[in-house]
>>> print(open('structure_12.pdb').read())   # PDB, N, CA and C atoms
ATOM      1  N   MET R   1      61.373  69.658  92.252  1.00  0.00           N
ATOM      2  CA  MET R   1      60.861  70.988  92.536  1.00  0.00           C
ATOM      3  C   MET R   1      59.408  70.900  92.993  1.00  0.00           C
ATOM      4  N   GLU R   2      59.078  71.700  93.969  1.00  0.00           N
ATOM      5  CA  GLU R   2      57.696  71.764  94.426  1.00  0.00           C
ATOM      6  C   GLU R   2      56.893  72.608  93.446  1.00  0.00           C
ATOM      7  N   LYS R   3      55.657  72.214  93.185  1.00  0.00           N
ATOM      8  CA  LYS R   3      54.838  72.878  92.165  1.00  0.00           C
ATOM      9  C   LYS R   3      54.391  74.284  92.547  1.00  0.00           C
ATOM     10  N   ASP R   4      54.237  74.596  93.840  1.00  0.00           N
ATOM     11  CA  ASP R   4      53.774  75.936  94.186  1.00  0.00           C
ATOM     12  C   ASP R   4      54.917  76.817  94.677  1.00  0.00           C
ATOM     13  N   ARG R   5      56.110  76.464  94.323  1.00  0.00           N
ATOM     14  CA  ARG R   5      57.300  77.225  94.686  1.00  0.00           C
ATOM     15  C   ARG R   5      57.582  78.277  93.609  1.00  0.00           C
ATOM     16  N   TRP R   6      58.085  79.406  94.014  1.00  0.00           N
ATOM     17  CA  TRP R   6      58.487  80.459  93.084  1.00  0.00           C
ATOM     18  C   TRP R   6      59.922  80.186  92.665  1.00  0.00           C
ATOM     19  N   VAL R   7      60.185  80.299  91.360  1.00  0.00           N
ATOM     20  CA  VAL R   7      61.506  79.965  90.846  1.00  0.00           C
ATOM     21  C   VAL R   7      62.082  81.129  90.039  1.00  0.00           C
ATOM     22  N   SER R   8      63.381  81.055  89.797  1.00  0.00           N
ATOM     23  CA  SER R   8      64.118  82.091  89.079  1.00  0.00           C
ATOM     24  C   SER R   8      64.107  81.843  87.571  1.00  0.00           C
ATOM     25  N   VAL R   9      64.694  82.773  86.829  1.00  0.00           N
ATOM     26  CA  VAL R   9      64.814  82.637  85.377  1.00  0.00           C
ATOM     27  C   VAL R   9      65.603  81.366  85.029  1.00  0.00           C
ATOM     28  N   ASP R  10      66.714  81.139  85.704  1.00  0.00           N
ATOM     29  CA  ASP R  10      67.521  79.944  85.414  1.00  0.00           C
ATOM     30  C   ASP R  10      66.749  78.663  85.685  1.00  0.00           C
ATOM     31  N   GLU R  11      66.002  78.640  86.787  1.00  0.00           N
ATOM     32  CA  GLU R  11      65.235  77.442  87.132  1.00  0.00           C
ATOM     33  C   GLU R  11      64.093  77.201  86.149  1.00  0.00           C
ATOM     34  N   ILE R  12      63.404  78.261  85.708  1.00  0.00           N
ATOM     35  CA  ILE R  12      62.294  78.064  84.774  1.00  0.00           C
ATOM     36  C   ILE R  12      62.830  77.670  83.402  1.00  0.00           C
ATOM     37  N   ALA R  13      63.980  78.197  83.022  1.00  0.00           N
ATOM     38  CA  ALA R  13      64.598  77.802  81.754  1.00  0.00           C
ATOM     39  C   ALA R  13      64.932  76.312  81.789  1.00  0.00           C
ATOM     40  N   SER R  14      65.482  75.849  82.878  1.00  0.00           N
ATOM     41  CA  SER R  14      65.800  74.427  83.030  1.00  0.00           C
ATOM     42  C   SER R  14      64.527  73.577  83.031  1.00  0.00           C
ATOM     43  N   HIS R  15      63.506  74.035  83.727  1.00  0.00           N
ATOM     44  CA  HIS R  15      62.223  73.330  83.827  1.00  0.00           C
ATOM     45  C   HIS R  15      61.588  73.163  82.445  1.00  0.00           C
ATOM     46  N   LEU R  16      61.686  74.204  81.611  1.00  0.00           N
ATOM     47  CA  LEU R  16      61.076  74.179  80.286  1.00  0.00           C
ATOM     48  C   LEU R  16      62.016  73.639  79.206  1.00  0.00           C
ATOM     49  N   GLY R  17      63.296  73.493  79.544  1.00  0.00           N
ATOM     50  CA  GLY R  17      64.268  72.994  78.574  1.00  0.00           C
ATOM     51  C   GLY R  17      64.605  74.014  77.500  1.00  0.00           C
ATOM     52  N   ILE R  18      64.654  75.277  77.887  1.00  0.00           N
ATOM     53  CA  ILE R  18      64.965  76.362  76.953  1.00  0.00           C
ATOM     54  C   ILE R  18      66.118  77.182  77.511  1.00  0.00           C
ATOM     55  N   LYS R  19      66.632  78.100  76.684  1.00  0.00           N
ATOM     56  CA  LYS R  19      67.713  78.978  77.123  1.00  0.00           C
ATOM     57  C   LYS R  19      67.154  80.171  77.880  1.00  0.00           C
ATOM     58  N   ARG R  20      68.001  80.743  78.693  1.00  0.00           N
ATOM     59  CA  ARG R  20      67.646  81.906  79.512  1.00  0.00           C
ATOM     60  C   ARG R  20      67.111  83.052  78.645  1.00  0.00           C
ATOM     61  N   ASP R  21      67.755  83.320  77.508  1.00  0.00           N
ATOM     62  CA  ASP R  21      67.306  84.396  76.613  1.00  0.00           C
ATOM     63  C   ASP R  21      65.901  84.138  76.091  1.00  0.00           C
ATOM     64  N   THR R  22      65.563  82.876  75.862  1.00  0.00           N
ATOM     65  CA  THR R  22      64.234  82.520  75.377  1.00  0.00           C
ATOM     66  C   THR R  22      63.183  82.826  76.431  1.00  0.00           C
ATOM     67  N   VAL R  23      63.510  82.658  77.698  1.00  0.00           N
ATOM     68  CA  VAL R  23      62.574  82.996  78.781  1.00  0.00           C
ATOM     69  C   VAL R  23      62.173  84.464  78.675  1.00  0.00           C
ATOM     70  N   TYR R  24      63.161  85.343  78.525  1.00  0.00           N
ATOM     71  CA  TYR R  24      62.864  86.776  78.421  1.00  0.00           C
ATOM     72  C   TYR R  24      62.045  87.085  77.170  1.00  0.00           C
ATOM     73  N   LYS R  25      62.343  86.431  76.065  1.00  0.00           N
ATOM     74  CA  LYS R  25      61.587  86.636  74.828  1.00  0.00           C
ATOM     75  C   LYS R  25      60.136  86.200  75.030  1.00  0.00           C
ATOM     76  N   TRP R  26      59.919  85.048  75.671  1.00  0.00           N
ATOM     77  CA  TRP R  26      58.567  84.551  75.891  1.00  0.00           C
ATOM     78  C   TRP R  26      57.785  85.444  76.846  1.00  0.00           C
ATOM     79  N   ILE R  27      58.446  86.066  77.816  1.00  0.00           N
ATOM     80  CA  ILE R  27      57.768  87.013  78.706  1.00  0.00           C
ATOM     81  C   ILE R  27      57.219  88.171  77.875  1.00  0.00           C
ATOM     82  N   ASN R  28      58.060  88.715  77.011  1.00  0.00           N
ATOM     83  CA  ASN R  28      57.676  89.886  76.207  1.00  0.00           C
ATOM     84  C   ASN R  28      56.738  89.544  75.060  1.00  0.00           C
ATOM     85  N   ASP R  29      57.021  88.467  74.334  1.00  0.00           N
ATOM     86  CA  ASP R  29      56.287  88.173  73.103  1.00  0.00           C
ATOM     87  C   ASP R  29      55.072  87.269  73.283  1.00  0.00           C
ATOM     88  N   PHE R  30      55.105  86.385  74.274  1.00  0.00           N
ATOM     89  CA  PHE R  30      54.060  85.368  74.393  1.00  0.00           C
ATOM     90  C   PHE R  30      53.366  85.356  75.752  1.00  0.00           C
ATOM     91  N   GLU R  31      53.613  86.384  76.557  1.00  0.00           N
ATOM     92  CA  GLU R  31      52.949  86.523  77.860  1.00  0.00           C
ATOM     93  C   GLU R  31      53.167  85.333  78.788  1.00  0.00           C
ATOM     94  N   LEU R  32      54.400  84.819  78.791  1.00  0.00           N
ATOM     95  CA  LEU R  32      54.760  83.800  79.780  1.00  0.00           C
ATOM     96  C   LEU R  32      54.478  84.389  81.155  1.00  0.00           C
ATOM     97  N   PRO R  33      53.692  83.694  81.998  1.00  0.00           N
ATOM     98  CA  PRO R  33      53.350  84.264  83.308  1.00  0.00           C
ATOM     99  C   PRO R  33      54.594  84.466  84.178  1.00  0.00           C
ATOM    100  N   ALA R  34      54.882  85.725  84.474  1.00  0.00           N
ATOM    101  CA  ALA R  34      56.061  86.081  85.256  1.00  0.00           C
ATOM    102  C   ALA R  34      55.773  87.326  86.074  1.00  0.00           C
ATOM    103  N   TYR R  35      56.505  87.470  87.159  1.00  0.00           N
ATOM    104  CA  TYR R  35      56.329  88.602  88.060  1.00  0.00           C
ATOM    105  C   TYR R  35      57.691  89.213  88.330  1.00  0.00           C
ATOM    106  N   LYS R  36      57.794  90.524  88.122  1.00  0.00           N
ATOM    107  CA  LYS R  36      59.051  91.207  88.377  1.00  0.00           C
ATOM    108  C   LYS R  36      59.037  91.734  89.800  1.00  0.00           C
ATOM    109  N   ILE R  37      60.015  91.304  90.571  1.00  0.00           N
ATOM    110  CA  ILE R  37      60.168  91.727  91.962  1.00  0.00           C
ATOM    111  C   ILE R  37      61.508  92.439  92.051  1.00  0.00           C
ATOM    112  N   GLY R  38      61.459  93.746  92.101  1.00  0.00           N
ATOM    113  CA  GLY R  38      62.698  94.520  92.023  1.00  0.00           C
ATOM    114  C   GLY R  38      63.305  94.326  90.650  1.00  0.00           C
ATOM    115  N   ARG R  39      64.533  93.821  90.601  1.00  0.00           N
ATOM    116  CA  ARG R  39      65.196  93.547  89.319  1.00  0.00           C
ATOM    117  C   ARG R  39      65.052  92.092  88.898  1.00  0.00           C
ATOM    118  N   LEU R  40      64.429  91.269  89.729  1.00  0.00           N
ATOM    119  CA  LEU R  40      64.357  89.829  89.474  1.00  0.00           C
ATOM    120  C   LEU R  40      63.005  89.410  88.917  1.00  0.00           C
ATOM    121  N   TRP R  41      63.025  88.464  87.997  1.00  0.00           N
ATOM    122  CA  TRP R  41      61.800  87.833  87.510  1.00  0.00           C
ATOM    123  C   TRP R  41      61.579  86.553  88.298  1.00  0.00           C
ATOM    124  N   LYS R  42      60.337  86.322  88.728  1.00  0.00           N
ATOM    125  CA  LYS R  42      59.970  85.103  89.446  1.00  0.00           C
ATOM    126  C   LYS R  42      58.798  84.444  88.738  1.00  0.00           C
ATOM    127  N   PHE R  43      58.725  83.126  88.841  1.00  0.00           N
ATOM    128  CA  PHE R  43      57.730  82.330  88.136  1.00  0.00           C
ATOM    129  C   PHE R  43      57.120  81.321  89.086  1.00  0.00           C
ATOM    130  N   ASN R  44      55.809  81.145  88.980  1.00  0.00           N
ATOM    131  CA  ASN R  44      55.114  80.117  89.738  1.00  0.00           C
ATOM    132  C   ASN R  44      54.977  78.903  88.817  1.00  0.00           C
ATOM    133  N   LEU R  45      55.499  77.766  89.245  1.00  0.00           N
ATOM    134  CA  LEU R  45      55.506  76.580  88.388  1.00  0.00           C
ATOM    135  C   LEU R  45      54.111  76.157  87.955  1.00  0.00           C
ATOM    136  N   ASN R  46      53.136  76.258  88.833  1.00  0.00           N
ATOM    137  CA  ASN R  46      51.757  75.902  88.453  1.00  0.00           C
ATOM    138  C   ASN R  46      51.255  76.767  87.311  1.00  0.00           C
ATOM    139  N   GLU R  47      51.486  78.063  87.392  1.00  0.00           N
ATOM    140  CA  GLU R  47      51.024  78.985  86.350  1.00  0.00           C
ATOM    141  C   GLU R  47      51.729  78.730  85.026  1.00  0.00           C
ATOM    142  N   VAL R  48      53.032  78.498  85.083  1.00  0.00           N
ATOM    143  CA  VAL R  48      53.795  78.251  83.863  1.00  0.00           C
ATOM    144  C   VAL R  48      53.368  76.929  83.227  1.00  0.00           C
ATOM    145  N   ASP R  49      53.198  75.891  84.037  1.00  0.00           N
ATOM    146  CA  ASP R  49      52.760  74.597  83.498  1.00  0.00           C
ATOM    147  C   ASP R  49      51.380  74.701  82.860  1.00  0.00           C
ATOM    148  N   GLU R  50      50.475  75.471  83.458  1.00  0.00           N
ATOM    149  CA  GLU R  50      49.141  75.678  82.886  1.00  0.00           C
ATOM    150  C   GLU R  50      49.230  76.458  81.572  1.00  0.00           C
ATOM    151  N   TRP R  51      50.100  77.453  81.531  1.00  0.00           N
ATOM    152  CA  TRP R  51      50.322  78.231  80.308  1.00  0.00           C
ATOM    153  C   TRP R  51      50.806  77.328  79.172  1.00  0.00           C
ATOM    154  N   VAL R  52      51.710  76.423  79.498  1.00  0.00           N
ATOM    155  CA  VAL R  52      52.207  75.475  78.488  1.00  0.00           C
ATOM    156  C   VAL R  52      51.070  74.576  78.014  1.00  0.00           C
ATOM    157  N   ARG R  53      50.283  74.024  78.950  1.00  0.00           N
ATOM    158  CA  ARG R  53      49.165  73.140  78.593  1.00  0.00           C
ATOM    159  C   ARG R  53      48.130  73.865  77.728  1.00  0.00           C
ATOM    160  N   ALA R  54      47.963  75.160  77.952  1.00  0.00           N
ATOM    161  CA  ALA R  54      46.982  75.947  77.204  1.00  0.00           C
ATOM    162  C   ALA R  54      47.490  76.354  75.823  1.00  0.00           C
ATOM    163  N   GLY R  55      48.701  75.995  75.503  1.00  0.00           N
ATOM    164  CA  GLY R  55      49.229  76.298  74.177  1.00  0.00           C
ATOM    165  C   GLY R  55      50.472  77.157  74.187  1.00  0.00           C
ATOM    166  N   GLY R  56      50.727  77.832  75.302  1.00  0.00           N
ATOM    167  CA  GLY R  56      51.936  78.645  75.421  1.00  0.00           C
ATOM    168  C   GLY R  56      52.177  79.503  74.201  1.00  0.00           C
ATOM    169  N   THR R  57      53.279  79.289  73.522  1.00  0.00           N
ATOM    170  CA  THR R  57      53.637  80.078  72.347  1.00  0.00           C
ATOM    171  C   THR R  57      52.838  79.676  71.125  1.00  0.00           C
ATOM    172  N   ALA R  58      52.250  78.496  71.113  1.00  0.00           N
ATOM    173  CA  ALA R  58      51.506  78.009  69.933  1.00  0.00           C
ATOM    174  C   ALA R  58      50.294  78.861  69.626  1.00  0.00           C
ATOM    175  N   GLY R  59      49.688  79.433  70.634  1.00  0.00           N
ATOM    176  CA  GLY R  59      48.493  80.238  70.439  1.00  0.00           C
ATOM    177  C   GLY R  59      48.769  81.632  69.908  1.00  0.00           C
ATOM    178  N   HIS R  60      50.030  81.935  69.655  1.00  0.00           N
ATOM    179  CA  HIS R  60      50.396  83.282  69.242  1.00  0.00           C
ATOM    180  C   HIS R  60      51.078  83.304  67.880  1.00  0.00           C
ATOM    181  N   GLY R  61      50.738  82.339  67.028  1.00  0.00           N
ATOM    182  CA  GLY R  61      51.235  82.378  65.656  1.00  0.00           C
ATOM    183  C   GLY R  61      52.591  81.753  65.429  1.00  0.00           C
ATOM    184  N   SER R  62      53.180  81.145  66.437  1.00  0.00           N
ATOM    185  CA  SER R  62      54.470  80.492  66.191  1.00  0.00           C
ATOM    186  C   SER R  62      54.236  79.145  65.523  1.00  0.00           C
ATOM    187  N   LYS R  63      55.244  78.673  64.852  1.00  0.00           N
ATOM    188  CA  LYS R  63      55.136  77.386  64.158  1.00  0.00           C
ATOM    189  C   LYS R  63      55.615  76.272  65.079  1.00  0.00           C
ATOM    190  N   ILE R  64      54.865  75.196  65.118  1.00  0.00           N
ATOM    191  CA  ILE R  64      55.223  74.037  65.918  1.00  0.00           C
ATOM    192  C   ILE R  64      55.927  73.041  65.028  1.00  0.00           C
ATOM    193  N   LYS R  65      57.131  72.632  65.418  1.00  0.00           N
ATOM    194  CA  LYS R  65      57.868  71.628  64.647  1.00  0.00           C
ATOM    195  C   LYS R  65      57.416  70.260  65.100  1.00  0.00           C
ATOM    196  N   ARG R  66      57.109  69.420  64.159  1.00  0.00           N
ATOM    197  CA  ARG R  66      56.675  68.053  64.482  1.00  0.00           C
ATOM    198  C   ARG R  66      57.667  67.059  63.975  1.00  0.00           C
TER     199      ARG R  66
END
>>> encode(input="structure_12.pdb", output="structure tokens")
Amino acid sequence: MEKDRWVSVDEIASHLGIKRDTVYKWINDFELPAYKIGRLWKFNLNEVDEWVRAGGTAGHGSKIKR
């Protein structure tokens, strides 16, 4: 995948190794960077990767399993 390409919910779920439902939860609960275009959610891989590097869900009180 190209890093500056816009991807769908299914593609971002695969990229992050999570389920589709988790993507929607992270948009609402953890401010996963996403853009709604009509009925579709789109994601920029650079923004999502930076969000993950910055702590993603960890910065919002979730527990990290080690």
>>> residues_near_point(input="structure_12.pdb", point="(61.1, 86.1, 80.3)", cutoff="8 Å", atoms="all atoms listed in the file", output="list in words")
Val9, Arg20, Asp21, Thr22, Val23, Tyr24, Lys25, Trp26, Ile27, Asn28, Asp29, Leu32, Pro33, Ala34 and Trp41 of chain R
>>> select_by_dssp(input="structure_12.pdb", residues="chain R", states="helix (DSSP H, G or I)", output="PyMOL selection string")
chain R and resi 9-16+20-30+45-53+56-60
>>> write_last_selection(input="structure_12.pdb", atoms="N, CA and C atoms", output="short mmCIF file (atom, residue, chain, number, x, y, z; two decimals), keeping the file's coordinate frame")
data_model
loop_
_atom_site.label_atom_id
_atom_site.label_comp_id
_atom_site.auth_asym_id
_atom_site.auth_seq_id
_atom_site.Cartn_x
_atom_site.Cartn_y
_atom_site.Cartn_z
N VAL R 9 64.69 82.77 86.83
CA VAL R 9 64.81 82.64 85.38
C VAL R 9 65.60 81.37 85.03
N ASP R 10 66.71 81.14 85.70
CA ASP R 10 67.52 79.94 85.41
C ASP R 10 66.75 78.66 85.68
N GLU R 11 66.00 78.64 86.79
CA GLU R 11 65.24 77.44 87.13
C GLU R 11 64.09 77.20 86.15
N ILE R 12 63.40 78.26 85.71
CA ILE R 12 62.29 78.06 84.77
C ILE R 12 62.83 77.67 83.40
N ALA R 13 63.98 78.20 83.02
CA ALA R 13 64.60 77.80 81.75
C ALA R 13 64.93 76.31 81.79
N SER R 14 65.48 75.85 82.88
CA SER R 14 65.80 74.43 83.03
C SER R 14 64.53 73.58 83.03
N HIS R 15 63.51 74.04 83.73
CA HIS R 15 62.22 73.33 83.83
C HIS R 15 61.59 73.16 82.44
N LEU R 16 61.69 74.20 81.61
CA LEU R 16 61.08 74.18 80.29
C LEU R 16 62.02 73.64 79.21
N ARG R 20 68.00 80.74 78.69
CA ARG R 20 67.65 81.91 79.51
C ARG R 20 67.11 83.05 78.64
N ASP R 21 67.76 83.32 77.51
CA ASP R 21 67.31 84.40 76.61
C ASP R 21 65.90 84.14 76.09
N THR R 22 65.56 82.88 75.86
CA THR R 22 64.23 82.52 75.38
C THR R 22 63.18 82.83 76.43
N VAL R 23 63.51 82.66 77.70
CA VAL R 23 62.57 83.00 78.78
C VAL R 23 62.17 84.46 78.68
N TYR R 24 63.16 85.34 78.53
CA TYR R 24 62.86 86.78 78.42
C TYR R 24 62.04 87.08 77.17
N LYS R 25 62.34 86.43 76.06
CA LYS R 25 61.59 86.64 74.83
C LYS R 25 60.14 86.20 75.03
N TRP R 26 59.92 85.05 75.67
CA TRP R 26 58.57 84.55 75.89
C TRP R 26 57.78 85.44 76.85
N ILE R 27 58.45 86.07 77.82
CA ILE R 27 57.77 87.01 78.71
C ILE R 27 57.22 88.17 77.88
N ASN R 28 58.06 88.72 77.01
CA ASN R 28 57.68 89.89 76.21
C ASN R 28 56.74 89.54 75.06
N ASP R 29 57.02 88.47 74.33
CA ASP R 29 56.29 88.17 73.10
C ASP R 29 55.07 87.27 73.28
N PHE R 30 55.10 86.38 74.27
CA PHE R 30 54.06 85.37 74.39
C PHE R 30 53.37 85.36 75.75
N LEU R 45 55.50 77.77 89.24
CA LEU R 45 55.51 76.58 88.39
C LEU R 45 54.11 76.16 87.96
N ASN R 46 53.14 76.26 88.83
CA ASN R 46 51.76 75.90 88.45
C ASN R 46 51.26 76.77 87.31
N GLU R 47 51.49 78.06 87.39
CA GLU R 47 51.02 78.98 86.35
C GLU R 47 51.73 78.73 85.03
N VAL R 48 53.03 78.50 85.08
CA VAL R 48 53.80 78.25 83.86
C VAL R 48 53.37 76.93 83.23
N ASP R 49 53.20 75.89 84.04
CA ASP R 49 52.76 74.60 83.50
C ASP R 49 51.38 74.70 82.86
N GLU R 50 50.48 75.47 83.46
CA GLU R 50 49.14 75.68 82.89
C GLU R 50 49.23 76.46 81.57
N TRP R 51 50.10 77.45 81.53
CA TRP R 51 50.32 78.23 80.31
C TRP R 51 50.81 77.33 79.17
N VAL R 52 51.71 76.42 79.50
CA VAL R 52 52.21 75.47 78.49
C VAL R 52 51.07 74.58 78.01
N ARG R 53 50.28 74.02 78.95
CA ARG R 53 49.16 73.14 78.59
C ARG R 53 48.13 73.86 77.73
N GLY R 56 50.73 77.83 75.30
CA GLY R 56 51.94 78.64 75.42
C GLY R 56 52.18 79.50 74.20
N THR R 57 53.28 79.29 73.52
CA THR R 57 53.64 80.08 72.35
C THR R 57 52.84 79.68 71.12
N ALA R 58 52.25 78.50 71.11
CA ALA R 58 51.51 78.01 69.93
C ALA R 58 50.29 78.86 69.63
N GLY R 59 49.69 79.43 70.63
CA GLY R 59 48.49 80.24 70.44
C GLY R 59 48.77 81.63 69.91
N HIS R 60 50.03 81.94 69.66
CA HIS R 60 50.40 83.28 69.24
C HIS R 60 51.08 83.30 67.88
#
>>> closest_residue(input="structure_12.pdb", among="R:Asp10, R:Gly17, R:Thr57, R:Asp4", to="Leu45 of chain R", atoms="all atoms listed in the file")
R:Asp4
>>> atom_distance(input="structure_12.pdb", atom1="atom N of Leu40 of chain R", atom2="atom N of Ala58 of chain R")
25.7 Å
>>> closest_residue(input="structure_12.pdb", among="R:Trp6, R:Glu31, R:Ala13, R:Ile18", to="Gly55 of chain R", atoms="only C-alpha atoms")
R:Glu31
>>> atom_distance(input="structure_12.pdb", atom1="atom CA of Ile12 of chain R", atom2="atom N of Asn46 of chain R")
10.2 Å
>>> select_by_dssp(input="structure_12.pdb", residues="chain R", states="strand (DSSP E or B)", output="list in words")
Trp6, Val7, Tyr35, Lys36, Ile37, Leu40, Trp41, Lys42, Phe43 and Asn44 of chain R
>>> atom_distance(input="structure_12.pdb", atom1="atom N of Ala54 of chain R", atom2="atom N of Arg5 of chain R")
18.3 Å
